[in-house]
>>> print(open('model.csv').read())   # CSV, C-alpha atoms
chain,number,residue,atom,x,y,z
J,441,MET,CA,4.5,5.3,-7.0
J,442,SER,CA,7.9,6.8,-7.9
J,443,ASP,CA,10.9,4.6,-8.3
J,444,ALA,CA,11.8,5.4,-4.7
J,445,PHE,CA,8.9,3.3,-3.6
J,446,THR,CA,8.5,0.7,-6.3
J,447,SER,CA,8.6,-2.9,-5.2
J,448,GLY,CA,11.4,-5.0,-6.6
J,449,LYS,CA,14.2,-2.5,-5.8
J,450,ASP,CA,16.2,-1.8,-2.8
J,451,GLU,CA,17.9,1.5,-1.7
J,452,THR,CA,21.0,0.8,-3.8
J,453,GLN,CA,18.9,0.6,-7.1
J,454,GLU,CA,17.0,3.9,-7.1
J,455,ASN,CA,16.9,6.6,-9.7
J,456,PHE,CA,17.8,9.0,-7.0
J,457,PRO,CA,19.9,8.5,-3.8
J,458,VAL,CA,18.0,7.1,-0.8
J,459,GLY,CA,19.6,7.6,2.7
J,460,SER,CA,23.0,7.9,1.1
J,461,ARG,CA,26.3,8.3,2.9
J,462,LEU,CA,25.9,12.0,2.4
J,463,ILE,CA,23.3,11.9,5.2
J,464,ALA,CA,24.9,12.2,8.7
J,465,ALA,CA,25.1,8.9,10.5
J,466,GLU,CA,22.9,10.2,13.4
J,467,TYR,CA,20.0,10.6,10.9
J,468,ARG,CA,20.4,7.4,8.9
J,469,PRO,CA,18.6,5.0,11.1
J,470,VAL,CA,15.3,7.0,11.1
J,471,VAL,CA,15.7,7.7,7.4
J,472,MET,CA,16.1,4.0,6.6
J,473,ALA,CA,13.2,3.1,8.9
J,474,TYR,CA,11.0,5.6,6.9
J,475,TYR,CA,12.2,4.1,3.6
J,476,ARG,CA,11.4,0.5,4.8
J,477,PHE,CA,7.9,1.6,6.0
J,478,ALA,CA,7.3,3.2,2.6
J,479,ARG,CA,8.5,0.1,0.8
J,480,ALA,CA,6.4,-2.2,2.8
J,481,ALA,CA,3.3,0.0,2.4
J,482,ASP,CA,3.9,0.2,-1.4
J,483,ASP,CA,4.2,-3.6,-1.6
J,484,ILE,CA,0.8,-3.8,0.1
J,485,GLY,CA,-0.8,-1.4,-2.4
J,486,ASP,CA,0.7,-3.3,-5.4
J,487,ALA,CA,-0.1,-6.8,-4.1
J,488,GLN,CA,-2.2,-9.2,-6.0
J,489,ALA,CA,-5.0,-9.3,-3.4
J,490,PRO,CA,-8.6,-8.0,-3.1
J,491,ALA,CA,-8.8,-4.3,-2.6
J,492,ALA,CA,-10.5,-4.6,0.8
J,493,GLU,CA,-7.7,-6.8,2.1
J,494,ARG,CA,-5.0,-4.3,0.9
J,495,LEU,CA,-6.9,-1.4,2.4
J,496,ALA,CA,-7.2,-3.2,5.7
J,497,ARG,CA,-3.4,-3.9,5.7
J,498,LEU,CA,-2.7,-0.2,5.1
J,499,ASP,CA,-5.0,0.7,8.0
J,500,ALA,CA,-2.9,-1.7,10.1
J,501,MET,CA,0.2,0.2,9.0
J,502,GLU,CA,-1.4,3.5,10.1
J,503,ALA,CA,-2.4,2.0,13.4
J,504,GLY,CA,1.2,0.7,13.8
J,505,LEU,CA,2.6,4.2,13.3
J,506,ALA,CA,0.2,5.6,16.0
J,507,ALA,CA,0.9,2.8,18.4
J,508,GLY,CA,4.6,3.1,18.0
J,509,ALA,CA,4.5,6.9,18.5
J,510,ALA,CA,2.3,6.5,21.6
J,511,GLY,CA,4.2,3.5,23.1
J,512,SER,CA,1.1,1.4,23.1
J,513,PRO,CA,0.8,-2.4,22.8
J,514,ALA,CA,1.3,-3.3,19.2
J,515,ALA,CA,1.8,-7.1,19.0
J,516,ASP,CA,-0.6,-7.6,16.1
J,517,LEU,CA,0.5,-4.5,14.1
J,518,PRO,CA,3.3,-4.3,11.4
J,519,PRO,CA,6.7,-4.0,13.2
J,520,VAL,CA,8.0,-1.8,10.4
J,521,ALA,CA,5.3,0.8,11.1
J,522,VAL,CA,5.6,0.5,14.9
J,523,THR,CA,9.3,0.9,14.8
J,524,LEU,CA,9.1,4.0,12.6
J,525,GLY,CA,6.3,5.5,14.8
J,526,ARG,CA,8.5,5.0,17.9
J,527,MET,CA,11.6,6.5,16.3
J,528,MET,CA,9.7,9.5,15.0
J,529,ALA,CA,8.2,10.2,18.4
J,530,GLU,CA,11.6,9.9,20.1
J,531,ARG,CA,12.9,12.5,17.7
J,532,ARG,CA,9.7,14.7,17.9
J,533,LEU,CA,9.2,14.4,14.2
J,534,ASP,CA,5.8,15.1,12.5
J,535,LEU,CA,4.1,11.7,12.1
J,536,ALA,CA,1.9,13.1,9.3
J,537,ASN,CA,4.9,12.9,7.0
J,538,ALA,CA,4.7,9.1,7.3
J,539,SER,CA,0.9,8.6,7.5
J,540,GLU,CA,0.2,10.9,4.5
J,541,LEU,CA,2.1,8.4,2.3
J,542,LEU,CA,-0.7,5.9,3.1
J,543,ILE,CA,-3.2,8.3,1.5
J,544,ALA,CA,-1.4,7.9,-1.8
J,545,PHE,CA,-1.2,4.1,-1.5
J,546,ARG,CA,-4.9,3.9,-0.8
J,547,ARG,CA,-5.5,6.1,-3.8
J,548,ASP,CA,-3.4,3.7,-5.9
J,549,ILE,CA,-5.9,1.0,-5.0
J,550,GLY,CA,-8.9,2.9,-5.9
J,551,GLN,CA,-7.7,5.1,-8.8
J,552,SER,CA,-5.8,4.1,-11.9
J,553,ARG,CA,-6.3,7.1,-14.2
J,554,TYR,CA,-5.7,10.8,-13.8
J,555,ALA,CA,-7.7,13.5,-15.4
J,556,ASP,CA,-5.2,16.3,-15.8
J,557,TRP,CA,-2.0,17.9,-14.4
J,558,ASP,CA,-3.6,19.2,-11.3
J,559,ASP,CA,-5.0,15.7,-10.6
J,560,LEU,CA,-1.5,14.3,-10.9
J,561,LEU,CA,-0.1,17.0,-8.6
J,562,SER,CA,-2.7,16.2,-6.0
J,563,TYR,CA,-1.5,12.7,-6.0
J,564,CYS,CA,2.1,13.9,-5.6
J,565,ARG,CA,1.0,15.9,-2.6
J,566,HIS,CA,0.7,12.6,-0.7
J,567,SER,CA,3.0,10.2,-2.6
J,568,ALA,CA,6.1,12.4,-2.9
J,569,MET,CA,6.0,15.7,-1.0
J,570,PRO,CA,5.9,14.1,2.5
J,571,VAL,CA,9.3,12.5,1.8
J,572,GLY,CA,11.0,15.9,1.3
J,573,ARG,CA,9.1,17.3,4.3
J,574,PHE,CA,10.3,14.4,6.4
J,575,MET,CA,13.9,14.9,5.4
J,576,LEU,CA,13.7,18.6,6.3
J,577,ASP,CA,12.1,17.7,9.7
J,578,VAL,CA,14.7,15.2,10.5
J,579,HIS,CA,17.5,17.7,9.9
J,580,GLY,CA,15.7,20.6,11.7
J,581,GLU,CA,15.7,22.8,8.6
J,582,ALA,CA,13.5,25.8,8.2
J,583,ALA,CA,9.8,25.5,7.3
J,584,ALA,CA,10.4,28.2,4.6
J,585,LEU,CA,12.1,25.5,2.5
J,586,VAL,CA,9.0,23.4,2.2
J,587,PRO,CA,7.7,24.9,-1.1
J,588,ALA,CA,11.0,24.2,-2.8
J,589,SER,CA,11.1,20.7,-1.4
J,590,ASP,CA,7.5,20.1,-2.6
J,591,ALA,CA,8.3,21.3,-6.1
J,592,LEU,CA,11.4,19.0,-6.3
J,593,CYS,CA,9.6,16.0,-4.9
J,594,ALA,CA,6.7,16.4,-7.3
J,595,ALA,CA,9.1,16.7,-10.3
J,596,LEU,CA,10.9,13.5,-9.2
J,597,GLN,CA,7.6,11.6,-8.9
J,598,ILE,CA,6.4,12.7,-12.3
J,599,ILE,CA,9.7,12.0,-14.0
J,600,ASN,CA,9.5,8.4,-12.7
J,601,HIS,CA,6.0,8.1,-13.9
J,602,LEU,CA,7.0,9.2,-17.4
J,603,GLN,CA,10.0,6.9,-17.4
J,604,ASP,CA,7.9,3.9,-16.3
J,605,CYS,CA,4.6,4.6,-18.1
J,606,HIS,CA,4.6,1.4,-20.0
J,607,LYS,CA,5.6,-0.7,-16.9
J,608,ASP,CA,2.9,0.9,-14.7
J,609,TRP,CA,0.2,0.2,-17.4
J,610,HIS,CA,1.4,-3.3,-18.1
J,611,GLU,CA,2.0,-4.5,-14.5
J,612,LEU,CA,-0.4,-2.5,-12.5
J,613,ASP,CA,-3.0,-1.1,-15.0
J,614,ARG,CA,-2.2,2.4,-13.8
J,615,VAL,CA,-1.8,5.3,-16.1
J,616,TYR,CA,-0.3,8.4,-14.6
J,617,LEU,CA,-0.2,10.2,-17.9
J,618,PRO,CA,-3.0,12.7,-17.6
J,619,ALA,CA,-6.1,11.9,-19.8
J,620,ASP,CA,-6.2,15.5,-21.1
J,621,ALA,CA,-2.6,15.3,-22.2
J,622,LEU,CA,-3.3,12.0,-24.1
J,623,ALA,CA,-6.5,13.5,-25.6
J,624,ALA,CA,-4.6,16.5,-26.8
J,625,ALA,CA,-2.4,14.1,-28.8
J,626,GLY,CA,-5.4,12.3,-30.1
J,627,LEU,CA,-4.8,9.3,-27.8
J,628,THR,CA,-6.3,7.3,-25.0
J,629,ALA,CA,-4.6,5.1,-22.4
J,630,ASP,CA,-4.9,2.3,-25.0
J,631,ALA,CA,-1.9,3.8,-26.8
J,632,LEU,CA,0.3,2.3,-24.1
J,633,ALA,CA,-0.5,-1.1,-25.6
J,634,VAL,CA,0.9,-0.2,-29.0
J,635,GLN,CA,4.4,-1.4,-29.9
J,636,PRO,CA,6.4,0.3,-31.0
J,637,PRO,CA,5.0,3.4,-29.2
J,638,PRO,CA,3.3,5.8,-31.5
J,639,ALA,CA,5.0,9.1,-32.3
J,640,ALA,CA,2.0,11.0,-30.8
J,641,LEU,CA,2.6,9.2,-27.4
J,642,ALA,CA,6.2,10.2,-27.5
J,643,ASP,CA,5.2,13.8,-28.1
J,644,ALA,CA,2.8,13.7,-25.2
J,645,VAL,CA,5.5,12.4,-22.9
J,646,ARG,CA,7.9,15.1,-24.1
J,647,ARG,CA,5.4,17.8,-23.3
J,648,LEU,CA,4.7,16.4,-19.9
J,649,ALA,CA,8.5,16.2,-19.2
J,650,THR,CA,8.7,19.9,-20.2
J,651,ARG,CA,6.0,20.7,-17.7
J,652,CYS,CA,8.4,19.5,-15.0
J,653,ARG,CA,10.9,22.3,-15.8
J,654,PRO,CA,9.0,25.0,-13.8
J,655,LEU,CA,8.9,22.7,-10.8
J,656,LEU,CA,12.7,22.2,-11.0
J,657,ASP,CA,13.2,25.9,-11.5
J,658,ALA,CA,11.2,26.5,-8.3
J,659,ALA,CA,13.6,24.1,-6.5
J,660,ALA,CA,16.8,25.6,-8.1
J,661,GLY,CA,17.8,27.5,-4.9
J,662,PHE,CA,16.8,24.6,-2.6
J,663,ALA,CA,20.1,22.9,-2.0
J,664,PRO,CA,22.1,26.1,-1.3
J,665,ALA,CA,19.5,27.2,1.3
J,666,ILE,CA,19.9,23.9,3.3
J,667,ILE,CA,22.1,24.2,6.4
J,668,ALA,CA,22.9,20.5,6.9
J,669,PRO,CA,25.9,19.8,4.5
J,670,GLY,CA,25.0,16.2,3.8
J,671,LEU,CA,21.4,16.9,3.0
J,672,ALA,CA,22.4,20.0,0.9
J,673,TYR,CA,24.7,17.9,-1.2
J,674,GLU,CA,22.2,15.1,-1.6
J,675,VAL,CA,19.5,17.6,-2.8
J,676,ALA,CA,22.0,19.2,-5.2
J,677,VAL,CA,22.8,15.9,-6.7
J,678,ILE,CA,19.1,14.8,-7.0
J,679,HIS,CA,18.2,18.2,-8.6
J,680,ALA,CA,20.9,17.9,-11.1
J,681,LEU,CA,20.0,14.3,-12.0
J,682,ALA,CA,16.3,15.3,-12.4
J,683,VAL,CA,17.2,18.2,-14.7
J,684,ASP,CA,19.2,15.9,-16.9
J,685,LEU,CA,16.5,13.2,-16.9
J,686,VAL,CA,13.9,15.8,-18.1
J,687,ALA,CA,16.3,16.6,-21.0
J,688,ARG,CA,16.6,12.9,-21.8
J,689,LEU,CA,12.9,12.4,-21.8
J,690,GLU,CA,12.5,15.3,-24.1
J,691,ARG,CA,15.0,13.9,-26.5
J,692,ALA,CA,13.9,10.2,-26.5
J,693,PRO,CA,11.0,9.4,-24.2
J,694,PHE,CA,11.2,5.6,-24.7
J,695,ALA,CA,14.9,5.0,-25.3
J,696,ALA,CA,17.1,3.2,-22.7
J,697,SER,CA,19.0,6.4,-22.2
J,698,ARG,CA,16.0,7.9,-20.4
J,699,HIS,CA,17.6,6.3,-17.4
J,700,HIS,CA,21.1,7.1,-16.2
J,701,GLY,CA,24.0,4.7,-16.5
J,702,LYS,CA,26.3,4.6,-13.5
J,703,MET,CA,29.1,6.6,-15.1
J,704,ALA,CA,26.7,9.3,-16.3
J,705,ALA,CA,25.0,9.6,-12.9
J,706,PHE,CA,28.4,9.8,-11.2
J,707,ALA,CA,29.6,12.6,-13.5
J,708,ILE,CA,26.4,14.6,-13.0
J,709,ALA,CA,26.6,14.1,-9.2
J,710,ALA,CA,30.3,15.2,-9.2
J,711,ARG,CA,29.6,18.4,-11.1
J,712,ALA,CA,26.6,19.2,-8.9
J,713,GLY,CA,28.6,18.6,-5.7
J,714,ALA,CA,31.5,20.7,-6.9
J,715,ALA,CA,29.1,23.6,-7.9
J,716,LEU,CA,27.4,23.5,-4.5
J,717,SER,CA,30.7,23.4,-2.6
J,718,TRP,CA,31.9,26.5,-4.5
J,719,ARG,CA,28.7,28.3,-3.8
J,720,ARG,CA,28.6,27.4,-0.1
J,721,ASN,CA,32.2,28.5,0.3
J,722,ALA,CA,31.5,31.8,-1.4
J,723,ILE,CA,28.4,32.4,0.8
J,724,ARG,CA,30.4,31.7,4.0
J,725,THR,CA,32.9,34.4,3.1
J,726,ILE,CA,30.2,37.1,2.9
J,727,SER,CA,27.5,36.0,5.3
J,728,PRO,CA,27.1,35.7,9.0
J,729,PRO,CA,26.8,32.2,10.5
J,730,GLU,CA,23.5,30.5,9.7
J,731,THR,CA,21.2,28.9,12.3
J,732,ARG,CA,18.7,26.1,12.0
J,733,ARG,CA,15.0,26.2,12.9
J,734,PRO,CA,14.6,26.3,16.7
>>> encode(input="model.csv", output="structure tokens")
Amino acid sequence: MSDAFTSGKDETQENFPVGSRLIAAEYRPVVMAYYRFARAADDIGDAQAPAAERLARLDAMEAGLAAGAAGSPAADLPPVAVTLGRMMAERRLDLANASELLIAFRRDIGQSRYADWDDLLSYCRHSAMPVGRFMLDVHGEAAALVPASDALCAALQIINHLQDCHKDWHELDRVYLPADALAAAGLTADALAVQPPPAALADAVRRLATRCRPLLDAAAGFAPAIIAPGLAYEVAVIHALAVDLVARLERAPFAASRHHGKMAAFAIAARAGAALSWRRNAIRTISPPETRRP
């Protein structure tokens, strides 16, 4: 999974902001409940336990969501799932944006290699895109923003896979680098065992990073189109961080600099926030008041 759902981190240690203070206080409880649900389910998928046991536990998470949403007895079901189901039902949020994450966690248990870019994007459809859709739903934003959200979330997921390709292989025996991209470089997944990483592997990662650029281009107008100010600024920051990370991966795929330091991340976030603030102020001077989705 992406760094946003990788066990061993909390919400203060992510590549990208999770439920930050930019999100309005009224939305933070359900956002953090969603985060905790995703974290717990990811831990199940990554656990050192038989596949059948992990799948049964993920089934219990899905049952907990449904029970919480329906207000049914749920004494034997995971509280983190029951709580999220109840909170989403109270807010009339689409439960699919939580349950679809479980499809990706189940896929992680049964699939450890990806054939091509389309195969990887199909994984992102369930591992990443529901997160953006959930945030739009929470804020009552327009459905027309979903394609941009999907593009941004897929890019974030793939960026994290590229940054952590050695870790995913070493700790989980998962290779999210598409097999056809490795083959085009004359490699197989076994190249991840070679230290230092071969130049051909670095070139393959660079090319995959470059393939994230059209996704980020498709999301370029996403933040300015969001009505909720806090969410708009968070998306603007995330998009700017992602664009910078792609450039870092293209320059040096395996260097420590492929991750942001705190000062670099702060500087990028400040510039992105200032640019969005200027744009929103300019739009307000020439446009009629906006309205959210009914």
>>> atom_distance(input="model.csv", atom1="CA of Arg553 in chain J", atom2="CA of His679 in chain J")
27.5 Å
>>> atom_distance(input="model.csv", atom1="CA of Ala707 in chain J", atom2="CA of Ala692 in chain J")
20.5 Å
>>> atom_distance(input="model.csv", atom1="CA of Tyr467 in chain J", atom2="CA of Met569 in chain J")
19.1 Å
>>> closest_residue(input="model.csv", among="J:Arg531, J:Arg494, J:Arg651, J:Arg468", to="Asp558 in chain J", atoms="all atoms listed in the file")
J:Arg651
>>> closest_atom_pairs(input="model.csv", of="range 625-713 of chain J", to="range 605-621 of chain J", cutoff="12 Å", atoms="all atoms listed in the file", output="Markdown table")
| residue | atom | partner | partner_atom | distance |
| --- | --- | --- | --- | --- |
| J:Ala625 | CA | J:Ala621 | CA | 6.7 |
| J:Gly626 | CA | J:Ala621 | CA | 8.9 |
| J:Leu627 | CA | J:Ala621 | CA | 8.5 |
| J:Thr628 | CA | J:Ala619 | CA | 6.9 |
| J:Ala629 | CA | J:Val615 | CA | 6.9 |
| J:Asp630 | CA | J:Trp609 | CA | 9.4 |
| J:Ala631 | CA | J:His606 | CA | 9.7 |
| J:Leu632 | CA | J:His606 | CA | 6.0 |
| J:Ala633 | CA | J:His606 | CA | 8.0 |
| J:Val634 | CA | J:His606 | CA | 9.9 |
| J:Gln635 | CA | J:His606 | CA | 10.3 |
| J:Pro636 | CA | J:His606 | CA | 11.2 |
| J:Pro637 | CA | J:His606 | CA | 9.4 |
| J:Ala640 | CA | J:Ala621 | CA | 10.7 |
| J:Leu641 | CA | J:Ala621 | CA | 9.6 |
| J:Ala642 | CA | J:Cys605 | CA | 11.1 |
| J:Asp643 | CA | J:Ala621 | CA | 9.9 |
| J:Ala644 | CA | J:Ala621 | CA | 6.4 |
| J:Val645 | CA | J:Leu617 | CA | 7.9 |
| J:Arg646 | CA | J:Ala621 | CA | 10.7 |
| J:Arg647 | CA | J:Ala621 | CA | 8.5 |
| J:Leu648 | CA | J:Ala621 | CA | 7.7 |
| J:Ala649 | CA | J:Leu617 | CA | 10.6 |
| J:Arg651 | CA | J:Ala621 | CA | 11.1 |
| J:Leu689 | CA | J:Cys605 | CA | 12.0 |
| J:Pro693 | CA | J:Cys605 | CA | 10.1 |
| J:Phe694 | CA | J:His606 | CA | 9.1 |
>>> closest_residue(input="model.csv", among="J:Ile598, J:Leu592, J:Ala515, J:Glu540", to="Asp559 in chain J", atoms="all atoms listed in the file")
J:Ile598
>>> residues_around(input="model.csv", residues="Ala568 in chain J", least_positions_apart="3", cutoff="7 Å", atoms="only C-alpha atoms", output="list in words")
Cys564, Arg565, Val571, Cys593, Ala594 and Gln597 of chain J
>>> residues_near_point(input="model.csv", point="(-9.4, 1.7, -3.5)", cutoff="10 Å", atoms="all atoms listed in the file", output="list of chain:residue names")
J:Gly485, J:Pro490, J:Ala491, J:Ala492, J:Arg494, J:Leu495, J:Phe545, J:Arg546, J:Arg547, J:Asp548, J:Ile549, J:Gly550, J:Gln551, J:Ser552
>>> residues_around(input="model.csv", residues="Ala659 in chain J", least_positions_apart="4", cutoff="10 Å", atoms="only C-alpha atoms", output="VMD selection string")
chain J and resid 585 to 593 595 653 to 655 663 675 to 676 679
>>> residues_around(input="model.csv", residues="Asp577 in chain J", least_positions_apart="3", cutoff="8 Å", atoms="only C-alpha atoms", output="MDAnalysis selection string")
chainID J and resid 533:534 573:574 580:581
>>> closest_residue(input="model.csv", among="J:Arg688, J:Arg461, J:His579, J:Arg526", to="Ser512 in chain J", atoms="all atoms listed in the file")
J:Arg526
>>> closest_residue(input="model.csv", among="J:Ala583, J:Ala509, J:Ala715, J:Ala555", to="Met527 in chain J", atoms="all atoms listed in the file")
J:Ala509
>>> build_atoms(input="model.csv", residues="range 546-570 of chain J", atoms="N, CA and C atoms", output="PDB file, in the frame of the given file")
ATOM      1  N   ARG J 546      -3.443   4.208  -0.695  1.00  0.00           N
ATOM      2  CA  ARG J 546      -4.900   3.900  -0.800  1.00  0.00           C
ATOM      3  C   ARG J 546      -5.437   4.410  -2.110  1.00  0.00           C
ATOM      4  N   ARG J 547      -4.974   5.556  -2.533  1.00  0.00           N
ATOM      5  CA  ARG J 547      -5.500   6.100  -3.800  1.00  0.00           C
ATOM      6  C   ARG J 547      -5.054   5.218  -4.964  1.00  0.00           C
ATOM      7  N   ASP J 548      -3.871   4.633  -4.899  1.00  0.00           N
ATOM      8  CA  ASP J 548      -3.400   3.700  -5.900  1.00  0.00           C
ATOM      9  C   ASP J 548      -4.378   2.509  -6.057  1.00  0.00           C
ATOM     10  N   ILE J 549      -4.934   2.099  -4.950  1.00  0.00           N
ATOM     11  CA  ILE J 549      -5.900   1.000  -5.000  1.00  0.00           C
ATOM     12  C   ILE J 549      -7.180   1.328  -5.625  1.00  0.00           C
ATOM     13  N   GLY J 550      -7.631   2.551  -5.408  1.00  0.00           N
ATOM     14  CA  GLY J 550      -8.900   2.900  -5.900  1.00  0.00           C
ATOM     15  C   GLY J 550      -8.960   3.765  -7.154  1.00  0.00           C
ATOM     16  N   GLN J 551      -7.791   4.277  -7.588  1.00  0.00           N
ATOM     17  CA  GLN J 551      -7.700   5.100  -8.800  1.00  0.00           C
ATOM     18  C   GLN J 551      -6.592   4.729  -9.662  1.00  0.00           C
ATOM     19  N   SER J 552      -6.879   4.514 -10.926  1.00  0.00           N
ATOM     20  CA  SER J 552      -5.800   4.100 -11.900  1.00  0.00           C
ATOM     21  C   SER J 552      -5.643   5.032 -13.029  1.00  0.00           C
ATOM     22  N   ARG J 553      -6.424   6.109 -13.084  1.00  0.00           N
ATOM     23  CA  ARG J 553      -6.300   7.100 -14.200  1.00  0.00           C
ATOM     24  C   ARG J 553      -6.359   8.495 -13.558  1.00  0.00           C
ATOM     25  N   TYR J 554      -5.721   9.463 -14.251  1.00  0.00           N
ATOM     26  CA  TYR J 554      -5.700  10.800 -13.800  1.00  0.00           C
ATOM     27  C   TYR J 554      -6.151  11.781 -14.852  1.00  0.00           C
ATOM     28  N   ALA J 555      -7.020  12.686 -14.453  1.00  0.00           N
ATOM     29  CA  ALA J 555      -7.700  13.500 -15.400  1.00  0.00           C
ATOM     30  C   ALA J 555      -6.800  14.559 -16.069  1.00  0.00           C
ATOM     31  N   ASP J 556      -5.986  15.229 -15.256  1.00  0.00           N
ATOM     32  CA  ASP J 556      -5.200  16.300 -15.800  1.00  0.00           C
ATOM     33  C   ASP J 556      -3.977  16.553 -14.868  1.00  0.00           C
ATOM     34  N   TRP J 557      -3.193  17.576 -15.191  1.00  0.00           N
ATOM     35  CA  TRP J 557      -2.000  17.900 -14.400  1.00  0.00           C
ATOM     36  C   TRP J 557      -2.257  18.130 -12.973  1.00  0.00           C
ATOM     37  N   ASP J 558      -3.304  18.878 -12.694  1.00  0.00           N
ATOM     38  CA  ASP J 558      -3.600  19.200 -11.300  1.00  0.00           C
ATOM     39  C   ASP J 558      -4.002  17.929 -10.533  1.00  0.00           C
ATOM     40  N   ASP J 559      -4.685  17.002 -11.181  1.00  0.00           N
ATOM     41  CA  ASP J 559      -5.000  15.700 -10.600  1.00  0.00           C
ATOM     42  C   ASP J 559      -3.768  14.957 -10.208  1.00  0.00           C
ATOM     43  N   LEU J 560      -2.799  14.970 -11.125  1.00  0.00           N
ATOM     44  CA  LEU J 560      -1.500  14.300 -10.900  1.00  0.00           C
ATOM     45  C   LEU J 560      -0.762  14.954  -9.737  1.00  0.00           C
ATOM     46  N   LEU J 561      -0.748  16.287  -9.720  1.00  0.00           N
ATOM     47  CA  LEU J 561      -0.100  17.000  -8.600  1.00  0.00           C
ATOM     48  C   LEU J 561      -0.712  16.711  -7.284  1.00  0.00           C
ATOM     49  N   SER J 562      -2.031  16.547  -7.274  1.00  0.00           N
ATOM     50  CA  SER J 562      -2.700  16.200  -6.000  1.00  0.00           C
ATOM     51  C   SER J 562      -2.279  14.873  -5.489  1.00  0.00           C
ATOM     52  N   TYR J 563      -1.995  13.956  -6.408  1.00  0.00           N
ATOM     53  CA  TYR J 563      -1.500  12.700  -6.000  1.00  0.00           C
ATOM     54  C   TYR J 563      -0.045  12.817  -5.445  1.00  0.00           C
ATOM     55  N   CYS J 564       0.764  13.628  -6.119  1.00  0.00           N
ATOM     56  CA  CYS J 564       2.100  13.900  -5.600  1.00  0.00           C
ATOM     57  C   CYS J 564       2.136  14.504  -4.250  1.00  0.00           C
ATOM     58  N   ARG J 565       1.088  15.246  -3.929  1.00  0.00           N
ATOM     59  CA  ARG J 565       1.000  15.900  -2.600  1.00  0.00           C
ATOM     60  C   ARG J 565       1.124  14.862  -1.496  1.00  0.00           C
ATOM     61  N   HIS J 566       0.648  13.645  -1.744  1.00  0.00           N
ATOM     62  CA  HIS J 566       0.700  12.600  -0.700  1.00  0.00           C
ATOM     63  C   HIS J 566       1.763  11.533  -1.022  1.00  0.00           C
ATOM     64  N   SER J 567       2.050  11.322  -2.294  1.00  0.00           N
ATOM     65  CA  SER J 567       3.000  10.200  -2.600  1.00  0.00           C
ATOM     66  C   SER J 567       4.435  10.670  -2.589  1.00  0.00           C
ATOM     67  N   ALA J 568       4.718  11.956  -2.765  1.00  0.00           N
ATOM     68  CA  ALA J 568       6.100  12.400  -2.900  1.00  0.00           C
ATOM     69  C   ALA J 568       6.475  13.527  -1.922  1.00  0.00           C
ATOM     70  N   MET J 569       5.612  14.535  -1.802  1.00  0.00           N
ATOM     71  CA  MET J 569       6.000  15.700  -1.000  1.00  0.00           C
ATOM     72  C   MET J 569       6.252  15.365   0.478  1.00  0.00           C
ATOM     73  N   PRO J 570       5.541  14.413   1.094  1.00  0.00           N
ATOM     74  CA  PRO J 570       5.900  14.100   2.500  1.00  0.00           C
ATOM     75  C   PRO J 570       7.299  13.602   2.684  1.00  0.00           C
TER      76      PRO J 570
END
